[in-house]
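So the structure is just underneath, and the comments pick up after that.
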Amino acid sequence: VWIALGRESLSAGSPAQAYGMARKALYLANGAPHVQASAWGLIAASLRAQGRNQAAVAAEQKAAELYPP
């Protein structure tokens, strides 16, 4: 649910809010690598939307480690 809400926030132009929701999803997804990977993907997208490209790349790498494409 937090990931879906975060995606909606990102689409609505609120990347900081999306980031917070993705962090909440990551916290709650303990033991579910595919959910953690989705949360990291949302974190990456929200960081990229904020112009934090280097941090976004690191988040994308974490997502790929948890759930390779």
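Ordered as shown in the structure tokens, chains take letters A, B, and onward, while each chain numbers its residues from 1 and ligands are numbered from 1 in the order shown.
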
- Message: I'd like the contact shell of Ala18 in chain A - 10 Å cut-off, only C-alpha atoms, skipping same-chain residues fewer than 2 positions apart - returned as a list in words.
- Response: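 Skipping anything fewer than 2 positions along the chain leaves Trp2, Ile3, Ala4, Leu5, Gly6, Arg7, Glu8, Ser9, Leu10, Ser11, Ala12, Gly13, Ser14, Pro15, Ala16, Gly20, Met21, Ala22, Arg23, Lys24, Leu42, Ile43, Ala45, Ser46 and Leu47 of chain A.
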
Could you pull the residues within 12 Å of Val35 in chain A, counting only C-alpha atoms, minus those fewer than 2 positions along the same chain, as a compact mmCIF listing (two decimals) with N, CA and C atoms, in the first residue's frame?
# COMPACT_ATOMS: atom_id res chain seq x y z
N VAL A 1 0.83 -1.19 0.00
CA VAL A 1 0.00 0.00 0.00
C VAL A 1 0.87 1.25 0.00
N TRP A 2 1.94 1.26 0.80
CA TRP A 2 2.80 2.44 0.87
C TRP A 2 3.49 2.71 -0.47
N ILE A 3 3.84 1.64 -1.17
CA ILE A 3 4.49 1.83 -2.47
C ILE A 3 3.50 2.44 -3.46
N ALA A 4 2.27 1.95 -3.47
CA ALA A 4 1.26 2.50 -4.37
C ALA A 4 1.00 3.97 -4.06
N ALA A 22 8.12 5.46 0.51
CA ALA A 22 8.96 4.34 0.10
C ALA A 22 9.80 3.85 1.27
N ARG A 23 10.31 4.76 2.08
CA ARG A 23 11.09 4.37 3.26
C ARG A 23 10.21 3.60 4.25
N LYS A 24 8.97 4.03 4.41
CA LYS A 24 8.03 3.32 5.28
C LYS A 24 7.78 1.91 4.74
N ALA A 25 7.58 1.79 3.43
CA ALA A 25 7.37 0.48 2.81
C ALA A 25 8.59 -0.41 3.01
N LEU A 26 9.77 0.16 2.87
CA LEU A 26 11.00 -0.60 3.06
C LEU A 26 11.10 -1.11 4.49
N TYR A 27 10.76 -0.30 5.44
CA TYR A 27 10.79 -0.68 6.85
C TYR A 27 9.83 -1.84 7.13
N LEU A 28 8.65 -1.79 6.52
CA LEU A 28 7.63 -2.80 6.77
C LEU A 28 7.83 -4.08 5.96
N ALA A 29 8.69 -4.06 4.95
CA ALA A 29 8.85 -5.19 4.04
C ALA A 29 9.93 -6.17 4.46
N ASN A 30 10.26 -6.21 5.71
CA ASN A 30 11.29 -7.11 6.21
C ASN A 30 10.96 -8.55 5.82
N GLY A 31 11.89 -9.21 5.13
CA GLY A 31 11.70 -10.59 4.74
C GLY A 31 11.01 -10.79 3.39
N ALA A 32 10.72 -9.72 2.69
CA ALA A 32 10.07 -9.81 1.37
C ALA A 32 10.93 -9.08 0.35
N PRO A 33 11.94 -9.76 -0.22
CA PRO A 33 12.89 -9.10 -1.11
C PRO A 33 12.24 -8.39 -2.31
N ALA A 37 12.72 -4.53 -3.03
CA ALA A 37 13.25 -4.05 -4.31
C ALA A 37 12.33 -2.99 -4.91
N SER A 38 11.03 -3.19 -4.81
CA SER A 38 10.08 -2.19 -5.30
C SER A 38 10.22 -0.87 -4.54
N ALA A 39 10.40 -0.99 -3.22
CA ALA A 39 10.57 0.21 -2.40
C ALA A 39 11.85 0.94 -2.80
N TRP A 40 12.94 0.20 -3.00
CA TRP A 40 14.19 0.83 -3.43
C TRP A 40 14.04 1.48 -4.80
N GLY A 41 13.26 0.84 -5.68
CA GLY A 41 13.00 1.44 -6.99
C GLY A 41 12.26 2.76 -6.87
N LEU A 42 11.28 2.81 -5.97
CA LEU A 42 10.56 4.06 -5.74
C LEU A 42 11.46 5.11 -5.10
N ALA A 63 18.12 -2.18 -5.25
CA ALA A 63 16.94 -2.86 -5.79
C ALA A 63 17.36 -4.06 -6.62
N ALA A 64 18.36 -3.87 -7.47
CA ALA A 64 18.83 -4.95 -8.34
C ALA A 64 19.46 -6.10 -7.55
N LEU A 66 18.57 -7.04 -4.55
CA LEU A 66 17.50 -7.77 -3.86
C LEU A 66 16.65 -8.59 -4.82
N TYR A 67 16.42 -8.08 -6.00
CA TYR A 67 15.51 -8.73 -6.94
C TYR A 67 15.99 -8.40 -8.34

- Message: Could you check the closest approach to Gln17 in chain A for each of A:Glu60, A:Pro68, A:Gln54, A:Ala49 and tell me which residue wins, using only C-alpha atoms?
- Response: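 Of the candidates, the smallest distance to Gln17 in chain A is held by A:Ala49.
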